[in-house]
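Comments concern the structure below.
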Amino acid sequence: MNSPAQRMIRKVLGRGFILSFLFILICSVFPSLAISEDSVYEPLPKVTHPSNNLGSKEKIELGKALYFDPRLSGSNWISCATCHNPGLGWSDGLPRTIGDGQNELGRHSPTIINSGYSEVQMWDGRAKDLEEQALGPIQAEVEMNQDMDELIKELKAIPGYVKKFSKVFGESGVTPKNIAKSIAAFERTVVSKNAPYDKYWAGDKKAMSISAVNGMNLFFGKAKCSICHNGPAFTDSNFHNIGVKQHGPLKEDLGRYNISKEDFDKGAFKTPGLRHISRTAPYMHDGSEATLEDVIDFYNRGGDVKENISPFITPLELTDAEKRDLVEFMKALEGEPIIVSFPILP
């Protein structure tokens, strides 16, 4: 299957799509159908660390220090946590990221929450894993703008870091690869757990309000959300053009097309996971929707730009009450607080 049409079929029939589509079809015929646990619920599994970067307490603590350290940037004031702030849903609360030199970039800062479950990283999937993603922003001129050779010199001049790297990685010590491994190991610990949605399917039927339960039925039925937002992390890890009208400094953002060079990927971006989504406003790849209510209105009208839009994006004809129920369900996907203490930097 190597022709563009065949690759498109492969893309559409991604993980979880067929079951979700069949369920939506059934709900369309029987709108009063109640959701069964076996049909839709999947608990989050334990995050898997790759065999070449197994997690350890020391490695995670080193990655945590690096994540919060502004010395990883050329200006010495931007850290990973600047754009992925734990207090702002592990994003930055802005429509679009502010990078080196206080310049506004073209995309919204994606949350780190549950990033360990993603098959690829970044809005366009240009990083194959968290290790590759960790070094990208550090070296990008418009983001952290750090020369990697200079960073290695800086870190080697800090005895506390030299000791930590030596303890975790032995003789190889401070290297770009080990920086990436450490940050990725820490990021895999940022997981949204035990949401009201999970408690509901564990037997506590009072964990979700009646409105949220109604929203859940809409999510997996009439509203068609689960075509793309499926699986335990509520993402198909795929790329879709949902009809967003570009906002911000970029006149046009082709998204996944820049990586794949496939025409059907023009304007397509990665499906974000929805766990903890109520903490990560604003929304969309360009931060153009300020609230969850705005997001629902966007989908209800079938998107804004029709060129190359996914065939799944069509007007939903939701009532005001149904829209409110959907928002309540998404709020029920917020897990327990993800508590992290600021590290003492070497």
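For the structure tokens, the naming scheme is as follows: chains receive sequential letters (A, B, ...) according to their order of presentation, residues are indexed from 1 within each chain, and ligands are indexed from 1 in presentation order.
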Got a sec to tell me which of stretch 82-305 of chain A DSSP assigns to helix (DSSP H, G or I), as a ChimeraX atom specification? /A:82-83,86-88,100-102,115-117,130-139,148-156,159-172,176-187,196-201,210-219,225-227,257-260,263-265,277-279,292-300
Could you save those same residues with C-alpha atoms as a tab-separated table (two decimals), in the first residue's frame?
```tsv
chain	number	residue	atom	x	y	z
A	82	THR	CA	8.62	28.30	30.46
A	83	CYS	CA	6.41	26.96	27.66
A	86	PRO	CA	3.00	22.78	35.52
A	87	GLY	CA	0.86	25.63	36.86
A	88	LEU	CA	-0.64	26.24	33.42
A	100	ASP	CA	13.74	33.75	21.95
A	101	GLY	CA	13.82	37.53	21.85
A	102	GLN	CA	10.19	37.71	23.07
A	115	SER	CA	3.05	12.84	26.18
A	116	GLY	CA	4.63	9.51	27.07
A	117	TYR	CA	1.68	7.78	25.39
A	130	LEU	CA	10.30	12.34	23.50
A	131	GLU	CA	14.07	12.00	23.32
A	132	GLU	CA	14.17	13.64	19.90
A	133	GLN	CA	11.60	16.22	20.94
A	134	ALA	CA	13.62	17.26	23.99
A	135	LEU	CA	16.55	18.55	21.94
A	136	GLY	CA	14.49	20.22	19.21
A	137	PRO	CA	13.32	23.35	21.08
A	138	ILE	CA	16.69	23.76	22.84
A	139	GLN	CA	18.50	24.17	19.52
A	148	MET	CA	24.56	22.51	21.79
A	149	ASP	CA	28.36	22.58	22.02
A	150	GLU	CA	28.12	25.66	24.22
A	151	LEU	CA	25.50	24.01	26.41
A	152	ILE	CA	27.68	20.95	26.96
A	153	LYS	CA	30.55	23.25	28.03
A	154	GLU	CA	28.25	25.10	30.43
A	155	LEU	CA	26.92	21.95	32.04
A	156	LYS	CA	30.39	20.41	32.35
A	159	PRO	CA	30.10	20.23	39.38
A	160	GLY	CA	26.61	19.28	40.53
A	161	TYR	CA	25.55	18.37	37.00
A	162	VAL	CA	28.78	16.51	36.29
A	163	LYS	CA	28.16	14.39	39.38
A	164	LYS	CA	24.53	13.71	38.49
A	165	PHE	CA	25.30	12.76	34.87
A	166	SER	CA	28.14	10.51	36.00
A	167	LYS	CA	25.89	8.74	38.50
A	168	VAL	CA	23.19	8.09	35.89
A	169	PHE	CA	25.21	7.53	32.72
A	170	GLY	CA	28.67	6.56	33.90
A	171	GLU	CA	31.67	7.52	31.80
A	172	SER	CA	29.64	9.03	28.95
A	176	PRO	CA	23.31	15.78	24.10
A	177	LYS	CA	21.97	12.23	23.99
A	178	ASN	CA	22.01	11.94	27.77
A	179	ILE	CA	20.36	15.35	28.18
A	180	ALA	CA	17.56	14.15	25.92
A	181	LYS	CA	17.20	10.83	27.73
A	182	SER	CA	16.97	12.54	31.12
A	183	ILE	CA	14.34	15.10	30.11
A	184	ALA	CA	12.29	12.43	28.31
A	185	ALA	CA	12.41	10.16	31.37
A	186	PHE	CA	11.03	12.99	33.51
A	187	GLU	CA	8.32	13.90	31.00
A	196	PRO	CA	-14.06	11.28	37.52
A	197	TYR	CA	-14.45	9.39	34.23
A	198	ASP	CA	-12.19	6.61	35.56
A	199	LYS	CA	-13.99	6.55	38.92
A	200	TYR	CA	-17.33	6.30	37.13
A	201	TRP	CA	-16.33	3.15	35.24
A	210	ILE	CA	-25.94	13.53	34.88
A	211	SER	CA	-24.83	16.25	32.48
A	212	ALA	CA	-21.36	14.69	32.15
A	213	VAL	CA	-22.87	11.24	31.51
A	214	ASN	CA	-25.09	12.74	28.83
A	215	GLY	CA	-21.99	14.38	27.38
A	216	MET	CA	-20.19	11.04	27.37
A	217	ASN	CA	-22.98	9.48	25.32
A	218	LEU	CA	-22.79	12.41	22.90
A	219	PHE	CA	-18.99	12.19	22.74
A	225	CYS	CA	-15.65	13.10	18.89
A	226	SER	CA	-14.34	9.58	19.39
A	227	ILE	CA	-13.55	9.08	15.71
A	257	TYR	CA	2.42	18.26	5.06
A	258	ASN	CA	5.78	19.86	5.88
A	259	ILE	CA	6.92	16.45	7.10
A	260	SER	CA	5.06	13.95	4.90
A	263	ASP	CA	-1.27	16.56	-0.23
A	264	PHE	CA	-3.90	15.09	2.07
A	265	ASP	CA	-1.79	16.24	5.04
A	277	ILE	CA	-7.99	19.15	28.76
A	278	SER	CA	-9.86	21.56	31.04
A	279	ARG	CA	-6.47	22.79	32.33
A	292	LEU	CA	-13.95	24.43	25.63
A	293	GLU	CA	-17.27	26.07	24.80
A	294	ASP	CA	-15.60	27.75	21.82
A	295	VAL	CA	-14.17	24.41	20.71
A	296	ILE	CA	-17.58	22.75	20.79
A	297	ASP	CA	-19.08	25.65	18.79
A	298	PHE	CA	-16.28	25.25	16.24
A	299	TYR	CA	-17.02	21.57	15.70
A	300	ASN	CA	-20.76	22.16	15.80
```
Quick one: everything within 9 Å of A:Gly255, counting only C-alpha atoms, minus sequence neighbours fewer than 2 positions away in the same chain. Send it as a list in words. Trp123, Asp124, Gly125, Phe239, Asn241, Asp253, Tyr257, Asn258, Ile259, Asp265, Lys266, Gly267, Ala268, Phe269 and Lys270 of chain A
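Separating atom CA of A:Glu322 from atom CA of A:Lys222 is a distance of 9.8 Å.
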Residues at most 7 Å from A:Val190, counting only C-alpha atoms, excluding those fewer than 5 positions away in the same chain, as an mmCIF file with C-alpha atoms, in the first residue's frame?
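Done, and the output landed in selection-v1.cif:
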```cif
data_model
loop_
_atom_site.group_PDB
_atom_site.id
_atom_site.type_symbol
_atom_site.label_atom_id
_atom_site.label_comp_id
_atom_site.auth_asym_id
_atom_site.auth_seq_id
_atom_site.Cartn_x
_atom_site.Cartn_y
_atom_site.Cartn_z
ATOM 1 C CA ILE A 112 3.390 17.652 28.284
ATOM 2 C CA ILE A 113 0.634 15.744 30.106
ATOM 3 C CA ASN A 114 0.454 12.130 28.881
#
```
As an exercise, work out the distance from atom CA of A:His229 to atom CA of A:Val340 in Å and give it to one decimal place.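 Rounded to one decimal, the two atoms are 27.3 Å apart.
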What parts of stretch 119-274 of chain A does DSSP call strand (DSSP E or B)? I'd like the answer as a ChimeraX atom specification. /A:121,127,239-240,255,268-270
Let's have the selection written as a short mmCIF file (atom, residue, chain, number, x, y, z; two decimals), in the first residue's frame, with N, CA and C atoms.
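After the write, again36.cif holds the following:
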```cif
data_model
loop_
_atom_site.label_atom_id
_atom_site.label_comp_id
_atom_site.auth_asym_id
_atom_site.auth_seq_id
_atom_site.Cartn_x
_atom_site.Cartn_y
_atom_site.Cartn_z
N GLN A 121 5.77 13.11 18.39
CA GLN A 121 5.69 14.32 19.18
C GLN A 121 5.58 15.56 18.30
N ALA A 127 9.02 14.93 15.46
CA ALA A 127 9.90 14.21 16.39
C ALA A 127 9.32 12.83 16.63
N PHE A 239 -3.15 12.53 12.34
CA PHE A 239 -3.14 13.92 11.89
C PHE A 239 -4.36 14.19 11.03
N HIS A 240 -5.04 15.30 11.33
CA HIS A 240 -6.27 15.63 10.62
C HIS A 240 -6.36 17.13 10.37
N GLY A 255 1.24 22.35 8.48
CA GLY A 255 1.22 21.26 9.44
C GLY A 255 1.97 20.01 9.00
N ALA A 268 -3.08 19.56 8.28
CA ALA A 268 -3.39 18.53 9.26
C ALA A 268 -2.43 18.63 10.45
N PHE A 269 -2.99 18.45 11.64
CA PHE A 269 -2.20 18.50 12.87
C PHE A 269 -2.57 17.32 13.75
N LYS A 270 -1.68 17.00 14.68
CA LYS A 270 -1.87 15.83 15.54
C LYS A 270 -3.08 16.00 16.45
#
```
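The shortest atom-to-atom distance to A:Gly303, with only C-alpha atoms taken into account, belongs to A:Val244 out of A:Val244, A:Tyr283, A:Cys80, A:Pro337.
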